[in-house]
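Written below as structure tokens is the structure these notes are about.
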Amino acid sequence: MAVAIATIGAMVVPVRASVPASILTSARIEHRGLTLELHFGFSGPVPRLDLSTHGNEIWIALGRTRIAIPPRPLFGSETAPISSVRAIQSDTNSRIVVEVIGKSDYAVARLRDRNEIVLRVATTGADPNIAAPIIVHNSPRRPAPPVARPVAFAAAENTRPVSLAQPVAPTSIAVNEDSGQAGHFVMIDPGHGGYDPGTESSAGVMEKDLALQIAMRLKGALETRGIRAELTRSTDVFISLAERTRIANSAGADLFVSIHLNSSPNTDATGIEVYYLNNTTDRATIRLARMENGGADGYGTSNDSNLNYILTDLRQNYKAIEASSLARMIDAQAVADLDSGLGLNVNALGAKMGPFYVLVGAHMPAVLVECGFMSNAAEAARLASPQYQDVLAGATATAVVHYFNGDLAAGDL
């Protein structure tokens, strides 16, 4: 730390010079199949992620950082979909600006153990799980899983356990010292309930029951990680779709996570997908939304006026970027943890926009997690397994921790 000397009267007073906490010292580009990976190296602490998008540009603000690389550090190496990379020095707001060509997906992470910020960019749809490599790297260290081969899951029985007296808590994970997690609060919403069973497996297991079980495990996983969590329902009761977000708003939640199970006429369909509120023209998504929106309070009807009503929710339109990023992180983290922890090959269906009424009216970023397909007998059996539920809940909680820490983000341009 540089020190200057100032004289005040007869006193000599040391004055600390204003020195940046970090220095951006390197930039390189790597080709990972159809994905381009940008690595930015730092001397000193890696700045907290502060990302925004402006048209076809991604801006990464670098607080208290001096730039020690050329303004066009990768000139001559930039290839589509990246058209340019600029490092801009400013007295108040230094930043990295990445300009892309056409529609693109991106994922960015602060890797403090490597003193790097890593940005992955690909043409939209070219890398369906673009965030997975950096999400897996950024995951807290956990003990090796007890099994090194795929786990056999018995067929689900026709039972409806509603409460978990002693849910198995996930492995304790230390909270990052700069995360401020004690102040964060997540409202978890188990889908359906009471006389609204949701979808049902061929073995007779109901969505409302599995949603509650997974939600209770997610609550425990978040609390283990130092994040306060509550449920919109903790028993088998019906709550209207509008009331669910009202509960979250009244409680002052920072995030709203609704837990559901999927169904498809195609019994071979499997996988995890996470939705955030927006309109869509995708027929499969509209079909799913109409199924999930089937509430008795009038919100579930499928007429056009009700579907268009969703677009009037300006709060969620404003939060769409944050919700989209969280949705991508949950999807990638869940698939990565289930594959590595249970020896599976789970289908990552990605983050999608959808007209789900349960997300309407939330004053905070809100997502709906479709944990798997009840219409697929094998996946339904896995979903009913406590071991599978624990890993799924733990992965979702880890993604939420990343979101609150500001060390991961994902989205599209």
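Ligands are numbered from 1 in the order shown, chains are lettered A, B, ... in the order of the structure tokens, and residues start at 1 in each chain.
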Quiz prompt | Exercise: Asp105 of chain A partners within 8 Å, only C-alpha atoms, chain neighbours under 5 positions left out, as a VMD selection string | solution = chain A and resid 121 to 125 130 410 to 413
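Nearest residue to Ala131 of chain A among A:Gly55, A:Gly350, A:Pro355, A:Pro190 is A:Gly350, counting only C-alpha atoms.
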Quiz item: A:Ser258, A:Asp196, A:Asp127, A:Asp50: which is nearest Ala109 of chain A, counting only C-alpha atoms?
Solution: A:Asp50
Practice problem: List the neighbours of Arg48 of chain A out to 8 Å using only C-alpha atoms; skip same-chain residues closer than 3 positions along the sequence, and give me the result as a PyMOL selection string. | Solution: chain A and resi 62-63+110+406-407
Practice problem: List the neighbours of Val108 of chain A out to 7 Å using only C-alpha atoms; skip same-chain residues closer than 3 positions along the sequence, and give me the result as a ChimeraX atom specification. | Solution: /A:118-120,408-410
Quiz item: Can you tell me, as a ChimeraX atom specification, what residues are no more than 6 Å from segment 87-102 of chain A when counting only C-alpha atoms, ignoring any on the same chain fewer than 2 positions away?
Solution: /A:56-62,67,71,81-85
Self-check item: atom CA of Phe75 of chain A to atom CA of Gly41 of chain A, distance in Å rounded to a single decimal
Solution: 17.0 Å
Could you produce a table of the residues of segment 307-412 of chain A lying within 8 Å of segment 259-263 of chain A, with the nearest pair of atoms per residue and their separation in Å rounded to one decimal, using only C-alpha atoms, ordered by chain and increasing residue number, as a Markdown table?
```
| residue | atom | partner | partner_atom | distance |
| --- | --- | --- | --- | --- |
| A:Leu368 | CA | A:Ile259 | CA | 6.1 |
| A:Val369 | CA | A:Ile259 | CA | 5.1 |
| A:Glu370 | CA | A:His260 | CA | 4.9 |
| A:Cys371 | CA | A:Leu261 | CA | 5.3 |
| A:Gly372 | CA | A:Leu261 | CA | 5.5 |
| A:Phe373 | CA | A:Asn262 | CA | 4.4 |
| A:Met374 | CA | A:Ser263 | CA | 5.5 |
| A:Ser375 | CA | A:Ser263 | CA | 5.0 |
| A:Asn376 | CA | A:Ser263 | CA | 7.9 |
```
Produce a file of the selected residues containing C-alpha atoms, as a PDB file, in the first residue's frame.
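The new file part37.pdb reads:
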```
ATOM      1  CA  LEU A 368     -40.874 -22.371 -11.418  1.00  0.00           C
ATOM      2  CA  VAL A 369     -38.840 -25.595 -11.267  1.00  0.00           C
ATOM      3  CA  GLU A 370     -40.238 -28.596 -13.143  1.00  0.00           C
ATOM      4  CA  CYS A 371     -38.215 -31.271 -11.317  1.00  0.00           C
ATOM      5  CA  GLY A 372     -38.915 -34.134 -13.701  1.00  0.00           C
ATOM      6  CA  PHE A 373     -41.622 -36.035 -15.558  1.00  0.00           C
ATOM      7  CA  MET A 374     -44.215 -38.003 -13.609  1.00  0.00           C
ATOM      8  CA  SER A 375     -45.377 -39.411 -16.967  1.00  0.00           C
ATOM      9  CA  ASN A 376     -42.083 -41.334 -17.244  1.00  0.00           C
TER      10      ASN A 376
END
```
Quiz item: Got a sec: who's within 9 Å of Leu74 of chain A, counting only C-alpha atoms, leaving out chain neighbours fewer than 2 positions off, as a ChimeraX atom specification?
Solution: /A:27-29,70-72,76-78,84-86
Mind checking which residues fall within 7 Å of Val46 of chain A, counting only C-alpha atoms, ignoring those fewer than 2 positions away in the same chain, and posting them as a PDB file with N, CA, C and O atoms, in the first residue's frame?
```
ATOM      1  N   SER A  22      -7.686  -4.387  -7.053  1.00  0.00           N
ATOM      2  CA  SER A  22      -7.365  -5.427  -8.023  1.00  0.00           C
ATOM      3  C   SER A  22      -6.749  -4.808  -9.270  1.00  0.00           C
ATOM      4  O   SER A  22      -6.942  -3.625  -9.562  1.00  0.00           O
ATOM      5  N   PHE A  42      -6.641 -11.668 -12.789  1.00  0.00           N
ATOM      6  CA  PHE A  42      -6.468 -10.523 -11.901  1.00  0.00           C
ATOM      7  C   PHE A  42      -5.321 -10.747 -10.928  1.00  0.00           C
ATOM      8  O   PHE A  42      -5.058 -11.875 -10.507  1.00  0.00           O
ATOM      9  N   GLY A  44      -4.593  -9.724  -7.240  1.00  0.00           N
ATOM     10  CA  GLY A  44      -5.409  -9.245  -6.133  1.00  0.00           C
ATOM     11  C   GLY A  44      -6.781  -9.890  -6.181  1.00  0.00           C
ATOM     12  O   GLY A  44      -7.065 -10.734  -7.048  1.00  0.00           O
ATOM     13  N   ARG A  48     -16.185  -8.438  -7.403  1.00  0.00           N
ATOM     14  CA  ARG A  48     -17.524  -9.021  -7.358  1.00  0.00           C
ATOM     15  C   ARG A  48     -18.214  -8.781  -8.691  1.00  0.00           C
ATOM     16  O   ARG A  48     -18.101  -7.707  -9.285  1.00  0.00           O
ATOM     17  N   ARG A 110     -17.238 -15.734 -11.386  1.00  0.00           N
ATOM     18  CA  ARG A 110     -16.063 -15.226 -10.671  1.00  0.00           C
ATOM     19  C   ARG A 110     -15.403 -16.423  -9.992  1.00  0.00           C
ATOM     20  O   ARG A 110     -15.958 -17.008  -9.058  1.00  0.00           O
ATOM     21  N   ARG A 112     -12.729 -17.332  -7.746  1.00  0.00           N
ATOM     22  CA  ARG A 112     -11.769 -16.699  -6.839  1.00  0.00           C
ATOM     23  C   ARG A 112     -10.534 -17.550  -6.599  1.00  0.00           C
ATOM     24  O   ARG A 112      -9.453 -17.035  -6.354  1.00  0.00           O
ATOM     25  N   ASN A 115      -8.319 -16.661  -9.459  1.00  0.00           N
ATOM     26  CA  ASN A 115      -8.167 -15.220  -9.712  1.00  0.00           C
ATOM     27  C   ASN A 115      -8.618 -14.860 -11.124  1.00  0.00           C
ATOM     28  O   ASN A 115      -7.939 -14.134 -11.853  1.00  0.00           O
ATOM     29  N   GLU A 116      -9.784 -15.369 -11.500  1.00  0.00           N
ATOM     30  CA  GLU A 116     -10.282 -15.158 -12.853  1.00  0.00           C
ATOM     31  C   GLU A 116     -11.772 -14.811 -12.852  1.00  0.00           C
ATOM     32  O   GLU A 116     -12.515 -15.207 -11.959  1.00  0.00           O
TER      33      GLU A 116
END
```
